[in-house]
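Worksheet: one structure, shown below.
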There are 2 protein chains.
Amino acid sequence: MKYCSKCGGRLVEKVPRNDDRRRHICSDCATVHYQNPKIVTGCLPIWQNSVLLCRRAIEPRSGFWTVPAGFMELDETVQQGAIRETWEEARARVELLAPYSMFNLPHVNQLYIIFRARLMDLEFEPGPESEDVRLFTEQDIPWNDLAFGTVRQTLRFYFQDCPLNRFPMRSGTVVPNANGFRFEAGPDDELEFMGSE
Amino acid sequence: MKYCSKCGGRLVEKVPRNDDRRRHICSDCATVHYQNPKIVTGCLPIWQNSVLLCRRAIEPRSGFWTVPAGFMELDETVQQGAIRETWEEARARVELLAPYSMFNLPHVNQLYIIFRARLMDLEFEPGPESEDVRLFTEQDIPWNDLAFGTVRQTLRFYFQDCPLNRFPMRSGTVVPNANGFRFEAGPDDELEFMGSE
């Protein structure tokens, strides 16, 4: 950020009055340009004892498997965003059941929110950003070919919760480390490890 | 948004290739400037059968009562943001228990995430953005002087859940209407009404 999106003036970085962190401020019109984390919204579509995953056709992590998810847009709810992304990536219709995982990715300034969802029928196919879409039982999950740690951790929690048929909201933080990433569980979960990417 | 924050060029609004909605795009360097909803993070600090509320000293809704909450910042988790806001607004230290409410405010492009939290001691006082901070039992809640519908709805759910000592995650959407605002419960909650502001 170098220029003011409002007036085109040069931005300077300084701490505004009554604030305690550096912001981008316009040297001409004094507008403060705040930057904030973004929300990634998606769902885990469930059909009987299987879940729907998409094989990514685009970077990052092209060729790897993910749950349908993407950036929440203006003028939609986080639920509408999850349903929209599922249609865009898997041409699948879902009914959301409940929010399930809420994971921080502070190294990329994202908050990842995934809903458990019921797949409404077996009509699905790859959307433009996917090269394949398939149902997987727990035994078939391509654990070594998952696109993101958030996907691995959501699937781990899900198959751990399935036998009890009880799905508490799971929260935590994905922290990069020397081996890839580590998962730190939120206040209501015990510590879990996600392993390397 | 009129100017490119990267090169200072004029922005135009159009639908980029492989996209389906209008974005601000630089006519010089072609950078697409996405806009996304922001996260408001906070908590409901609990002490025995009371909750801590802050009377706002700033607009909007100056003089009205709220839970400590504010915009999530870069480089923090949503949990760290909730703890930070509680310190800034109420000079109170809390231990987070679990995420509790997740409310969409699509008319202002915000997602509001509130944690249940345990107040760690009785040392609290107004921070610079508050004019008063107090503990309220259910009977004392200033229902007619609450700052935001999200606060009212969080408190309603909380005192409804207290007798059962079971606090499922609550999700929903605040929708402006002729009388103020209406609350539409998320997929896992029955419909509730919030009434007017």
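Numbering starts fresh at 1 for the residues of each chain in the structure tokens, the chains themselves are lettered A, B, ... in the order given, and ligands are numbered from 1 as they appear.
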Neighbours of chain A in chain B at 10 Å, counting only C-alpha atoms, as JSON, numbers by chain: {"B": [1, 2, 3, 4, 5, 6, 7, 8, 9, 10, 11, 18, 21, 33, 34, 35, 36, 37, 38, 39, 71, 72, 73, 74, 75, 76, 77, 78, 79, 95, 96, 97, 98, 99, 100, 102, 103, 104, 105, 106, 107, 108, 109, 110, 111, 115, 117, 128, 129, 168, 169, 170, 171, 172, 173, 174, 186, 187, 188, 189]}
Near-Ser62 in chain A list (10 Å; only C-alpha atoms; drop same-chain fewer than 2 positions) as number ranges by chain: A: 55-60, 64-65, 129-131, 147
Once you have the residues from the selection above, write them out as a compact mmCIF listing (two decimals), in the first residue's frame, restricted to all heavy atoms.
```txt
# COMPACT_ATOMS: atom_id res chain seq x y z
N ARG A 55 -10.47 -31.93 -5.91
CA ARG A 55 -9.05 -31.88 -6.26
C ARG A 55 -8.80 -30.56 -6.97
O ARG A 55 -9.40 -30.27 -8.01
CB ARG A 55 -8.74 -33.06 -7.18
CG ARG A 55 -7.28 -33.27 -7.38
CD ARG A 55 -7.00 -34.60 -8.06
NE ARG A 55 -5.61 -34.94 -7.90
CZ ARG A 55 -5.12 -36.16 -8.06
NH1 ARG A 55 -5.92 -37.15 -8.37
NH2 ARG A 55 -3.84 -36.39 -7.89
N ARG A 56 -7.93 -29.75 -6.41
CA ARG A 56 -7.73 -28.40 -6.90
C ARG A 56 -7.09 -28.36 -8.28
O ARG A 56 -6.12 -29.06 -8.54
CB ARG A 56 -6.87 -27.60 -5.92
CG ARG A 56 -7.58 -27.32 -4.61
CD ARG A 56 -6.65 -26.68 -3.59
NE ARG A 56 -6.14 -25.38 -4.01
CZ ARG A 56 -6.80 -24.24 -3.88
NH1 ARG A 56 -7.99 -24.23 -3.30
NH2 ARG A 56 -6.28 -23.11 -4.31
N ALA A 57 -7.65 -27.53 -9.15
CA ALA A 57 -7.11 -27.35 -10.50
C ALA A 57 -6.30 -26.07 -10.58
O ALA A 57 -5.77 -25.73 -11.65
CB ALA A 57 -8.25 -27.32 -11.52
N ILE A 58 -6.21 -25.33 -9.48
CA ILE A 58 -5.49 -24.05 -9.49
C ILE A 58 -4.52 -23.98 -8.32
O ILE A 58 -4.66 -24.70 -7.33
CB ILE A 58 -6.48 -22.85 -9.40
CG1 ILE A 58 -7.39 -22.99 -8.17
CG2 ILE A 58 -7.33 -22.73 -10.67
CD1 ILE A 58 -8.15 -21.73 -7.81
N GLU A 59 -3.55 -23.09 -8.46
CA GLU A 59 -2.62 -22.83 -7.35
C GLU A 59 -3.30 -21.96 -6.32
O GLU A 59 -4.19 -21.21 -6.68
CB GLU A 59 -1.34 -22.15 -7.89
CG GLU A 59 -0.49 -23.03 -8.79
CD GLU A 59 0.02 -24.31 -8.10
OE1 GLU A 59 0.13 -24.33 -6.85
OE2 GLU A 59 0.28 -25.28 -8.82
N PRO A 60 -2.92 -21.99 -5.05
CA PRO A 60 -1.89 -22.89 -4.51
C PRO A 60 -2.39 -24.32 -4.34
O PRO A 60 -3.59 -24.53 -4.26
CB PRO A 60 -1.59 -22.26 -3.13
CG PRO A 60 -2.89 -21.61 -2.74
CD PRO A 60 -3.50 -21.11 -4.02
N PHE A 64 -4.02 -31.20 -5.27
CA PHE A 64 -4.28 -31.73 -3.93
C PHE A 64 -5.76 -31.57 -3.56
O PHE A 64 -6.47 -30.76 -4.15
CB PHE A 64 -3.38 -31.02 -2.91
CG PHE A 64 -1.93 -31.39 -3.06
CD1 PHE A 64 -1.12 -30.74 -4.00
CD2 PHE A 64 -1.37 -32.42 -2.29
CE1 PHE A 64 0.22 -31.10 -4.16
CE2 PHE A 64 -0.03 -32.77 -2.44
CZ PHE A 64 0.76 -32.12 -3.39
N TRP A 65 -6.19 -32.35 -2.57
CA TRP A 65 -7.61 -32.43 -2.22
C TRP A 65 -7.99 -31.47 -1.11
O TRP A 65 -7.25 -31.29 -0.14
CB TRP A 65 -7.96 -33.86 -1.80
CG TRP A 65 -7.84 -34.84 -2.94
CD1 TRP A 65 -6.71 -35.52 -3.30
CD2 TRP A 65 -8.87 -35.22 -3.86
NE1 TRP A 65 -6.98 -36.31 -4.40
CE2 TRP A 65 -8.31 -36.14 -4.77
CE3 TRP A 65 -10.22 -34.87 -4.01
CZ2 TRP A 65 -9.03 -36.73 -5.80
CZ3 TRP A 65 -10.95 -35.45 -5.04
CH2 TRP A 65 -10.35 -36.36 -5.93
N GLU A 129 -12.60 -24.48 -10.91
CA GLU A 129 -11.36 -24.47 -10.11
C GLU A 129 -10.98 -25.86 -9.60
O GLU A 129 -10.04 -25.99 -8.82
CB GLU A 129 -11.51 -23.49 -8.94
CG GLU A 129 -11.74 -22.07 -9.43
CD GLU A 129 -11.84 -21.04 -8.31
OE1 GLU A 129 -11.77 -21.43 -7.13
OE2 GLU A 129 -12.00 -19.85 -8.63
N SER A 130 -11.73 -26.89 -10.03
CA SER A 130 -11.45 -28.26 -9.57
C SER A 130 -11.19 -29.16 -10.77
O SER A 130 -11.74 -28.94 -11.85
CB SER A 130 -12.65 -28.82 -8.79
OG SER A 130 -13.01 -27.96 -7.73
N GLU A 131 -10.36 -30.18 -10.57
CA GLU A 131 -10.16 -31.14 -11.68
C GLU A 131 -10.85 -32.47 -11.39
O GLU A 131 -11.00 -33.30 -12.28
CB GLU A 131 -8.67 -31.35 -11.97
CG GLU A 131 -7.85 -31.86 -10.80
CD GLU A 131 -6.35 -31.94 -11.15
OE1 GLU A 131 -5.87 -31.07 -11.91
OE2 GLU A 131 -5.70 -32.87 -10.67
N ALA A 147 -4.72 -30.67 0.53
CA ALA A 147 -4.16 -29.38 0.12
C ALA A 147 -3.67 -28.55 1.30
O ALA A 147 -2.64 -27.86 1.19
CB ALA A 147 -5.21 -28.59 -0.68
```
Counting only C-alpha atoms, the residue of A:Asn179, A:Thr86, A:Thr31, A:Thr150 that sits nearest Gly127 in chain A: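 The shortest atom-to-atom distance to Gly127 in chain A comes from A:Thr86.
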Non-local contacts of Val67 in chain A (8 Å; only C-alpha atoms; under 4 positions in same chain excluded) as a PyMOL selection string: chain A and resi 42-45+52-54+151
Next, write the just-selected residues to a file, as a short mmCIF file (atom, residue, chain, number, x, y, z; two decimals), in the first residue's frame, keeping N, CA and C atoms as the atom set.
```
data_model
loop_
_atom_site.label_atom_id
_atom_site.label_comp_id
_atom_site.auth_asym_id
_atom_site.auth_seq_id
_atom_site.Cartn_x
_atom_site.Cartn_y
_atom_site.Cartn_z
N GLY A 42 -16.39 -22.30 4.10
CA GLY A 42 -16.59 -23.50 3.30
C GLY A 42 -17.36 -24.55 4.08
N CYS A 43 -17.45 -25.74 3.51
CA CYS A 43 -18.14 -26.78 4.26
C CYS A 43 -17.55 -28.16 4.00
N LEU A 44 -17.94 -29.07 4.88
CA LEU A 44 -17.61 -30.47 4.76
C LEU A 44 -18.90 -31.16 4.35
N PRO A 45 -19.08 -31.44 3.04
CA PRO A 45 -20.34 -32.05 2.58
C PRO A 45 -20.34 -33.55 2.90
N LEU A 52 -17.35 -35.28 0.80
CA LEU A 52 -17.03 -34.84 -0.56
C LEU A 52 -15.76 -33.99 -0.54
N LEU A 53 -14.79 -34.34 -1.35
CA LEU A 53 -13.59 -33.51 -1.49
C LEU A 53 -13.38 -33.13 -2.95
N CYS A 54 -12.69 -32.00 -3.15
CA CYS A 54 -12.40 -31.50 -4.50
C CYS A 54 -10.88 -31.52 -4.71
N VAL A 151 -7.70 -28.52 6.27
CA VAL A 151 -8.54 -29.61 5.74
C VAL A 151 -8.24 -30.90 6.50
#
```
